[in-house]
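Asker: After the structure tokens below, expect a handful of questions from me.
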Amino acid sequence: MKKYSNNIDFQLIQKAKNGNHGAFKILMNKYYPRVYASLFSFTKSREDSEDLAQQTFLKVWQQLDSFRGDSAFFTWIYRIAINLAKNYFSSSGFKKQKVNTSIEDTELDISSFDDIESIIIHSESLENIKNFINTLPETLKTSFVLRENDGKSYEEIANITNTPIGTVRSRIFRAREMVEEFINEQIINND
């Protein structure tokens with residue numbers, strides 16, 4: 001299962017390293033919820049977690065060329081996120097920063113990272129992927145969504161669907177293959 005994820009991540013990372021914003025946005029969409037959740041458990045603040053998650057992905061984009069693949073991509077992102085959080089809270093200007101954050105700063109950061117066309121392309125790509133997932137056979141879709149969206153373990157999915165764990169594994173594997181093929185054919189190769 002990890003081989004699938006690493007394979008598509010590897011392809012997306014390579015494209016992103018070559019400046020493909022769409023590939024990076026797919027990676028960001030995949031990992032943002034986990035980064036946000038990790039930061040929230042650290043900060044206990046939605047606002048700080050959102051700010052730090054945005055800073056994390058900005059830094060990931062800036063340092064993507066330094067990712068060598070020695071660890072899983074999420075592990076690398078997680079280290080960046082937690083280091084940013086630790087630095088943010090340990091800085092003497094932490095309270096000042098919270099008070100002095102202005103809308104102009106936020107708009108500047110966002111506009112330097114995204115442009116309207118990229119946002120639209122990213123949104124369309126995500127919508128296309130969601131629509132494709134909805135066309136999967138029900139048994140594949142259910143197992144896939146429970147695993148990828150809800151983070152359920154194979155055992156939990158087997159209990160929920162009243163299916164042997166081996167069947168759950170094969171359904172998720174097949175669904176991942178189909179989604180990977182769709183992304184490669186319809187999204188990555190169309191950039």
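If you're wondering about the labels, chains in the structure tokens are A, B, ... by order shown, residues count from 1 in each chain, ligands from 1 in order shown.
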Neighbouring residues of stretch 9-14 of chain A were defined as those with any atom within 10 Å, considering only C-alpha atoms; residues of the same chain fewer than 4 positions away were excluded. Please report them as an MDAnalysis selection string.
Answerer: chainID A and resid 3:5 18:27 30 64:65 67 69 72:74 184 188
Asker: Using only C-alpha atoms, pick whichever of A:Leu126, A:Ala85, A:Tyr32, A:Leu140 has the shortest atom-to-atom distance to A:Ser45.
Answerer: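 Result for the nearest residue to A:Ser45: A:Ala85.
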Asker: Tell me, as a PDB file with C-alpha atoms, in the first residue's frame, which residues lie within 12 Å of A:Thr163, counting only C-alpha atoms; anything in the same chain fewer than 5 positions away does not count.
Answerer:
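Output contents, as saved in part24.pdb:
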```pdb
ATOM      1  CA  THR A 139     -17.404  -1.675  -2.636  1.00  0.00           C
ATOM      2  CA  LEU A 140     -14.145  -0.054  -3.786  1.00  0.00           C
ATOM      3  CA  THR A 142     -16.531   2.667   0.449  1.00  0.00           C
ATOM      4  CA  SER A 143     -13.271   1.003   1.497  1.00  0.00           C
ATOM      5  CA  TYR A 154      -7.972  -1.987   7.732  1.00  0.00           C
ATOM      6  CA  GLU A 155      -9.409  -3.768  10.752  1.00  0.00           C
ATOM      7  CA  GLU A 156     -11.958  -1.016  11.367  1.00  0.00           C
ATOM      8  CA  ILE A 157     -12.996  -1.041   7.707  1.00  0.00           C
ATOM      9  CA  ALA A 158     -13.355  -4.828   7.789  1.00  0.00           C
ATOM     10  CA  VAL A 168     -10.572  -4.816   2.275  1.00  0.00           C
ATOM     11  CA  ARG A 169      -6.853  -4.607   1.453  1.00  0.00           C
ATOM     12  CA  SER A 170      -7.389  -5.689  -2.152  1.00  0.00           C
ATOM     13  CA  ARG A 171     -10.311  -3.279  -2.626  1.00  0.00           C
TER      14      ARG A 171
END
```
Asker: What lies within 12 Å of A:Lys130 using only C-alpha atoms, ignoring chain neighbours under 5 positions off, as a list in words?
Answerer: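 My reading of the contact set: Ser123, Glu124, Ser125, Thr135, Leu136, Lys141, Phe144, Val145, Asn149, Val179, Phe182 and Ile183 of chain A.
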Asker: Please produce an output containing C-alpha atoms for each residue in the selection, written as an mmCIF file, in the first residue's frame.
Answerer:
```
data_model
loop_
_atom_site.group_PDB
_atom_site.id
_atom_site.type_symbol
_atom_site.label_atom_id
_atom_site.label_comp_id
_atom_site.auth_asym_id
_atom_site.auth_seq_id
_atom_site.Cartn_x
_atom_site.Cartn_y
_atom_site.Cartn_z
ATOM 1 C CA SER A 123 -10.106 23.435 -7.563
ATOM 2 C CA GLU A 124 -11.091 21.874 -10.888
ATOM 3 C CA SER A 125 -8.517 19.089 -10.435
ATOM 4 C CA THR A 135 -17.804 6.644 -10.081
ATOM 5 C CA LEU A 136 -15.863 3.766 -8.502
ATOM 6 C CA LYS A 141 -15.343 3.468 -3.081
ATOM 7 C CA PHE A 144 -11.168 3.699 -0.206
ATOM 8 C CA VAL A 145 -13.045 6.618 1.370
ATOM 9 C CA ASN A 149 -10.694 10.319 3.996
ATOM 10 C CA VAL A 179 -7.321 6.786 -8.822
ATOM 11 C CA PHE A 182 -6.962 8.737 -13.440
ATOM 12 C CA ILE A 183 -4.627 11.338 -11.914
#
```
